[in-house]
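Worksheet for the structure shown next.
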Amino acid sequence: MATILDMGLATQTALFSVSRQHSYLWNLIAFLVLAFFFATPITLAIEKGKITKLSLLVYNTHGLPTIFAKDRPRERFPEIVRLTHDYDISLLQEDFAHHDLVLKHAKEGQSIQRGEGAKTGKCLFCSGSGLTLMSNLSEVDWRVSAIFEPFENCSGWLNRANDCFAQKGFQIIDLRSIGGEEVVLVNTHLDAGRSDLDRAARAAQLDQIVRVVDGYVSDQALIVAGDLNLDWDNPEDRELLFDFRDSLGLARAEKGVQAEKGWRVLDYIFFRSGKQTTLKVATSGEDRTFVSGGVPLSDHPALFVRFNIH
């Protein structure tokens with residue numbers, strides 16, 4: 001009798017053990033299913049909230065031919081290019097006559113695109129735009145592409161800064177990250193003269209940028225930078241600057257500290273956030289390392305902004 005009872009108890013124990021194993025197995029399956037459905041949005045939310053950093057240099061390199069530059073640009077340019085290695089994106093202006101040095105001293109993997117139109121110039125002695133994009137962004141993490149738009153207006157052939165000899169315009173640069181951030185950059189250099197005709201040319205050039213950007217940019221974040229040749233201390237230039245800023249809904253990124261070394265404030269960095277991409281300025285100002293022997297490497301300040309993107 002005891003033997004039969006023992007066998008019954010053993011059977012119940014075995015059945016209970018199997019039941020516990022099945023219960024554990026089903027609980028495990030249920031946990032994994034719930035983890036899959038609920039953890040995925042959490043992971044995506046964490047990734048979406050991740051901050052991406054983007055460092056930007058904006059620099060008029062004073063890259064005229066040596067006879068016009070009145071200094072030693074062939075000695076300056078290798079050092080300028082070396083310093084661009086520290087930035088994700090460098091937007092250069094006046095890279096006219098020494099681009100061979102830009103190519104020679106670029107670091108391995110550094111992408112370089114010039115602002116060039118279908119027509120490289122209007123005459124035998126004309127030059128290109130002088131605009132150059134240099135990118136150190138990883139091709140795995142970012143897709144970078146650029147197009148060039150020449151200005152429809154200019155002022156001055158043999159007078160008023162001779163701007164018509166250059167095919168000035170603006171680069172439109174698309175940045176798209178693997179994380180989904182989208183930023184459009186505009187690199188430009190406006191006419192330089194100080195007369196009313198020059199100011200009218202700059203006004204027309206700014207209107208063209210607004211028109212093209214409005215048609216090109218939908219809801220991406222936007223950065224507009226370069227040598228605008230709009231003198232901060234000139235009321236008429238400043239009015240043009242503010243109208244341009246407000247037309248595109250931009251804010252100024254740097255704070256004009258370039259005036260500390262006596263620079264005339266002509267170079268600017270403006271930005272706005274997009275629908276899916278937010279730009280926030282972490283630090284900005286003048287990069288004072290752009291000197292050699294205590295002498296600036298150009299006749300313009302090297303402006304920088306470090307953005308947090310999310």
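By order of appearance in the structure tokens: chains A, B, ..., then residues from 1 within every chain, and ligands from 1 in the order shown.
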Can you list every residue in segment 104-310 of chain A that DSSP puts in alpha helix (DSSP H), as a ChimeraX atom specification?
/A:104-105,196-216,235-247
Surrounding residues of Gln208 of chain A excluding itself and chain neighbours under 5 positions, 9 Å, only C-alpha atoms, as a ChimeraX atom specification: /A:151-152,203,213
For Leu222 of chain A, please output as a PyMOL selection string all residues within 7 Å (counting only C-alpha atoms; exclusion window: fewer than 4 positions along the same chain).
chain A and resi 183-185+271-273
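Proximity to Thr278 of chain A was assessed for A:Glu182, A:Asp246, A:Asp227, A:Asp196 counting only C-alpha atoms; the smallest distance is recorded for A:Glu182.
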Tell me which protein, DNA and RNA residues are within 10 Å of segment 173-181 of chain A, counting only C-alpha atoms, leaving out same-chain ones fewer than 2 positions away, and put them as an mmCIF file with N, CA and C atoms, in the first residue's frame.
```cif
data_model
loop_
_atom_site.group_PDB
_atom_site.id
_atom_site.type_symbol
_atom_site.label_atom_id
_atom_site.label_comp_id
_atom_site.auth_asym_id
_atom_site.auth_seq_id
_atom_site.Cartn_x
_atom_site.Cartn_y
_atom_site.Cartn_z
ATOM 1 N N GLU A 47 17.879 56.711 -28.977
ATOM 2 C CA GLU A 47 18.677 57.096 -30.137
ATOM 3 C C GLU A 47 18.252 58.467 -30.652
ATOM 4 N N LYS A 48 16.933 58.708 -30.661
ATOM 5 C CA LYS A 48 16.435 59.979 -31.166
ATOM 6 C C LYS A 48 16.882 61.124 -30.280
ATOM 7 N N LYS A 50 19.669 61.258 -28.722
ATOM 8 C CA LYS A 50 21.119 61.319 -28.721
ATOM 9 C C LYS A 50 21.593 62.612 -29.370
ATOM 10 N N THR A 52 24.201 64.816 -31.422
ATOM 11 C CA THR A 52 25.295 64.761 -32.376
ATOM 12 C C THR A 52 26.003 66.106 -32.358
ATOM 13 N N GLN A 113 35.175 69.978 -52.086
ATOM 14 C CA GLN A 113 34.330 70.330 -53.231
ATOM 15 C C GLN A 113 34.364 71.837 -53.449
ATOM 16 N N LEU A 133 34.294 73.790 -49.999
ATOM 17 C CA LEU A 133 33.803 72.984 -48.873
ATOM 18 C C LEU A 133 34.841 71.920 -48.554
ATOM 19 N N LEU A 137 33.798 64.733 -42.107
ATOM 20 C CA LEU A 137 32.760 63.836 -41.606
ATOM 21 C C LEU A 137 32.952 62.440 -42.170
ATOM 22 N N SER A 138 32.690 61.442 -41.356
ATOM 23 C CA SER A 138 32.812 60.053 -41.782
ATOM 24 C C SER A 138 31.792 59.740 -42.870
ATOM 25 N N GLU A 139 32.253 59.125 -43.953
ATOM 26 C CA GLU A 139 31.334 58.745 -45.028
ATOM 27 C C GLU A 139 30.390 57.634 -44.590
ATOM 28 N N VAL A 140 30.742 56.942 -43.528
ATOM 29 C CA VAL A 140 29.858 55.898 -42.988
ATOM 30 C C VAL A 140 28.683 56.540 -42.252
ATOM 31 N N ASP A 141 28.941 57.643 -41.547
ATOM 32 C CA ASP A 141 27.925 58.270 -40.702
ATOM 33 C C ASP A 141 27.171 59.403 -41.384
ATOM 34 N N TRP A 142 27.787 60.011 -42.411
ATOM 35 C CA TRP A 142 27.187 61.175 -43.052
ATOM 36 C C TRP A 142 27.250 61.058 -44.568
ATOM 37 N N ARG A 143 26.211 61.577 -45.215
ATOM 38 C CA ARG A 143 26.238 61.765 -46.665
ATOM 39 C C ARG A 143 26.306 63.259 -46.923
ATOM 40 N N VAL A 144 27.331 63.673 -47.682
ATOM 41 C CA VAL A 144 27.571 65.090 -47.951
ATOM 42 C C VAL A 144 27.537 65.317 -49.461
ATOM 43 N N SER A 145 26.716 66.257 -49.900
ATOM 44 C CA SER A 145 26.662 66.599 -51.320
ATOM 45 C C SER A 145 26.516 68.114 -51.443
ATOM 46 N N ALA A 146 26.971 68.670 -52.582
ATOM 47 C CA ALA A 146 26.948 70.124 -52.753
ATOM 48 C C ALA A 146 26.658 70.487 -54.196
ATOM 49 N N ILE A 147 25.958 71.613 -54.365
ATOM 50 C CA ILE A 147 25.744 72.205 -55.677
ATOM 51 C C ILE A 147 26.153 73.670 -55.599
ATOM 52 N N PHE A 148 26.315 74.306 -56.754
ATOM 53 C CA PHE A 148 26.741 75.705 -56.799
ATOM 54 C C PHE A 148 25.773 76.522 -57.631
ATOM 55 N N PHE A 170 26.993 80.981 -54.482
ATOM 56 C CA PHE A 170 26.854 80.295 -53.198
ATOM 57 C C PHE A 170 26.753 78.792 -53.405
ATOM 58 N N GLN A 171 27.369 78.078 -52.491
ATOM 59 C CA GLN A 171 27.239 76.622 -52.429
ATOM 60 C C GLN A 171 26.057 76.252 -51.545
ATOM 61 N N VAL A 183 20.786 68.686 -42.302
ATOM 62 C CA VAL A 183 21.200 70.085 -42.219
ATOM 63 C C VAL A 183 21.598 70.553 -43.612
ATOM 64 N N VAL A 184 21.119 71.731 -44.005
ATOM 65 C CA VAL A 184 21.532 72.366 -45.252
ATOM 66 C C VAL A 184 22.414 73.559 -44.907
ATOM 67 N N LEU A 185 23.597 73.635 -45.530
ATOM 68 C CA LEU A 185 24.503 74.758 -45.326
ATOM 69 C C LEU A 185 24.603 75.579 -46.606
ATOM 70 N N VAL A 186 24.735 76.884 -46.440
ATOM 71 C CA VAL A 186 24.974 77.782 -47.562
ATOM 72 C C VAL A 186 26.293 78.505 -47.306
ATOM 73 N N ASN A 187 27.228 78.367 -48.241
ATOM 74 C CA ASN A 187 28.532 79.026 -48.169
ATOM 75 C C ASN A 187 28.571 80.086 -49.257
ATOM 76 N N VAL A 217 15.009 74.326 -49.627
ATOM 77 C CA VAL A 217 14.906 73.829 -48.258
ATOM 78 C C VAL A 217 13.435 73.771 -47.863
ATOM 79 N N GLN A 220 14.278 71.215 -43.353
ATOM 80 C CA GLN A 220 15.584 70.875 -42.796
ATOM 81 C C GLN A 220 16.131 72.040 -41.969
ATOM 82 N N ALA A 221 17.057 71.713 -41.074
ATOM 83 C CA ALA A 221 17.801 72.759 -40.384
ATOM 84 C C ALA A 221 18.679 73.481 -41.402
ATOM 85 N N LEU A 222 18.968 74.759 -41.147
ATOM 86 C CA LEU A 222 19.666 75.591 -42.135
ATOM 87 C C LEU A 222 20.766 76.404 -41.464
ATOM 88 N N ILE A 223 21.937 76.445 -42.115
ATOM 89 C CA ILE A 223 23.055 77.292 -41.705
ATOM 90 C C ILE A 223 23.491 78.100 -42.914
ATOM 91 N N GLY A 274 15.366 72.815 -37.818
ATOM 92 C CA GLY A 274 14.381 72.270 -38.737
ATOM 93 C C GLY A 274 13.271 71.557 -37.987
ATOM 94 N N GLN A 276 12.653 68.281 -37.894
ATOM 95 C CA GLN A 276 13.114 67.060 -37.244
ATOM 96 C C GLN A 276 14.501 67.214 -36.617
ATOM 97 N N THR A 277 15.184 68.310 -36.915
ATOM 98 C CA THR A 277 16.568 68.481 -36.470
ATOM 99 C C THR A 277 16.718 69.817 -35.756
ATOM 100 N N THR A 278 17.164 69.776 -34.501
ATOM 101 C CA THR A 278 17.348 70.977 -33.698
ATOM 102 C C THR A 278 18.833 71.323 -33.612
ATOM 103 N N ILE A 309 23.412 68.831 -32.159
ATOM 104 C CA ILE A 309 22.298 68.518 -33.050
ATOM 105 C C ILE A 309 21.511 67.357 -32.456
ATOM 106 N N HIS A 310 20.205 67.511 -32.382
ATOM 107 C CA HIS A 310 19.369 66.400 -31.935
ATOM 108 C C HIS A 310 17.969 66.548 -32.492
#
```
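The interatomic distance for the pair atom CA of Val224 of chain A and atom CA of Asn308 of chain A works out to 16.5 Å.
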- Item | DSSP-assigned strand (DSSP E or B) among segment 44-269 of chain A, expressed as a PyMOL selection string | chain A and resi 52-60+89-93+111-114+127+132-135+142-150+166+169-177+182-189+221-227+251-252+267-269
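For the residues A:Leu103, A:Leu131, A:Val295, A:Pro301, ranking by smallest atom-to-atom distance to Arg76 of chain A using only C-alpha atoms places A:Val295 first.
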So that I can check the surroundings of Leu101 of chain A, please list as a PDB file with C-alpha atoms, in the first residue's frame every protein, DNA and RNA residue that reaches within 10 Å of it, counting only C-alpha atoms and ignoring chain neighbours fewer than 6 positions away.
```pdb
ATOM      1  CA  PRO A  73      49.816  83.111 -49.608  1.00  0.00           C
ATOM      2  CA  ARG A  74      51.890  80.091 -50.734  1.00  0.00           C
ATOM      3  CA  GLU A  75      53.313  79.999 -47.206  1.00  0.00           C
ATOM      4  CA  ARG A  76      49.977  80.657 -45.473  1.00  0.00           C
ATOM      5  CA  PHE A  77      47.811  78.106 -47.237  1.00  0.00           C
ATOM      6  CA  PRO A  78      49.458  74.878 -45.977  1.00  0.00           C
ATOM      7  CA  GLU A  79      48.965  76.094 -42.400  1.00  0.00           C
ATOM      8  CA  ILE A  80      45.350  77.103 -43.098  1.00  0.00           C
ATOM      9  CA  VAL A  81      44.598  73.657 -44.519  1.00  0.00           C
TER      10      VAL A  81
END
```
**Item:** Distance query Arg202 of chain A at most 12 Å, only C-alpha atoms, self and fewer than 4 positions along chain excluded, as a PyMOL selection string
**Value:** chain A and resi 151-155+163+168-169+188-198+206-209+227-231+236-241+244
For C-alpha atoms, I'd like the residues from the last selection saved as a PDB file, in the first residue's frame.
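Okay, out_27.pdb is ready:
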```
ATOM      1  CA  PHE A 151      25.028  85.099 -58.748  1.00  0.00           C
ATOM      2  CA  GLU A 152      22.928  86.770 -61.409  1.00  0.00           C
ATOM      3  CA  ASN A 153      24.262  90.239 -60.461  1.00  0.00           C
ATOM      4  CA  CYS A 154      27.682  91.734 -59.826  1.00  0.00           C
ATOM      5  CA  SER A 155      29.180  95.206 -59.548  1.00  0.00           C
ATOM      6  CA  ASP A 163      33.961  91.799 -58.312  1.00  0.00           C
ATOM      7  CA  LYS A 168      30.758  84.681 -57.180  1.00  0.00           C
ATOM      8  CA  GLY A 169      27.744  82.791 -55.924  1.00  0.00           C
ATOM      9  CA  THR A 188      28.736  82.415 -49.877  1.00  0.00           C
ATOM     10  CA  HIS A 189      30.820  85.520 -50.620  1.00  0.00           C
ATOM     11  CA  LEU A 190      29.045  88.715 -51.693  1.00  0.00           C
ATOM     12  CA  ASP A 191      30.368  91.699 -53.656  1.00  0.00           C
ATOM     13  CA  ALA A 192      32.898  93.771 -51.747  1.00  0.00           C
ATOM     14  CA  GLY A 193      32.711  97.393 -52.913  1.00  0.00           C
ATOM     15  CA  ARG A 194      31.455 100.230 -50.729  1.00  0.00           C
ATOM     16  CA  SER A 195      29.470 102.287 -53.255  1.00  0.00           C
ATOM     17  CA  ASP A 196      25.688 102.432 -53.615  1.00  0.00           C
ATOM     18  CA  LEU A 197      25.955 100.295 -56.763  1.00  0.00           C
ATOM     19  CA  ASP A 198      27.871  97.651 -54.807  1.00  0.00           C
ATOM     20  CA  LEU A 206      20.850  88.263 -50.947  1.00  0.00           C
ATOM     21  CA  ASP A 207      17.434  88.193 -52.633  1.00  0.00           C
ATOM     22  CA  GLN A 208      18.686  85.415 -54.923  1.00  0.00           C
ATOM     23  CA  ILE A 209      19.919  83.360 -51.962  1.00  0.00           C
ATOM     24  CA  ASP A 227      31.834  86.748 -46.097  1.00  0.00           C
ATOM     25  CA  LEU A 228      28.669  88.772 -46.679  1.00  0.00           C
ATOM     26  CA  ASN A 229      30.618  92.044 -47.029  1.00  0.00           C
ATOM     27  CA  LEU A 230      27.892  93.704 -44.961  1.00  0.00           C
ATOM     28  CA  ASP A 231      29.632  96.064 -42.558  1.00  0.00           C
ATOM     29  CA  GLU A 236      22.535 100.590 -44.595  1.00  0.00           C
ATOM     30  CA  ASP A 237      24.496  97.334 -44.658  1.00  0.00           C
ATOM     31  CA  ARG A 238      23.050  96.319 -41.302  1.00  0.00           C
ATOM     32  CA  GLU A 239      19.527  96.944 -42.587  1.00  0.00           C
ATOM     33  CA  LEU A 240      20.213  94.590 -45.513  1.00  0.00           C
ATOM     34  CA  LEU A 241      21.648  92.045 -43.077  1.00  0.00           C
ATOM     35  CA  PHE A 244      18.034  88.862 -45.014  1.00  0.00           C
TER      36      PHE A 244
END
```
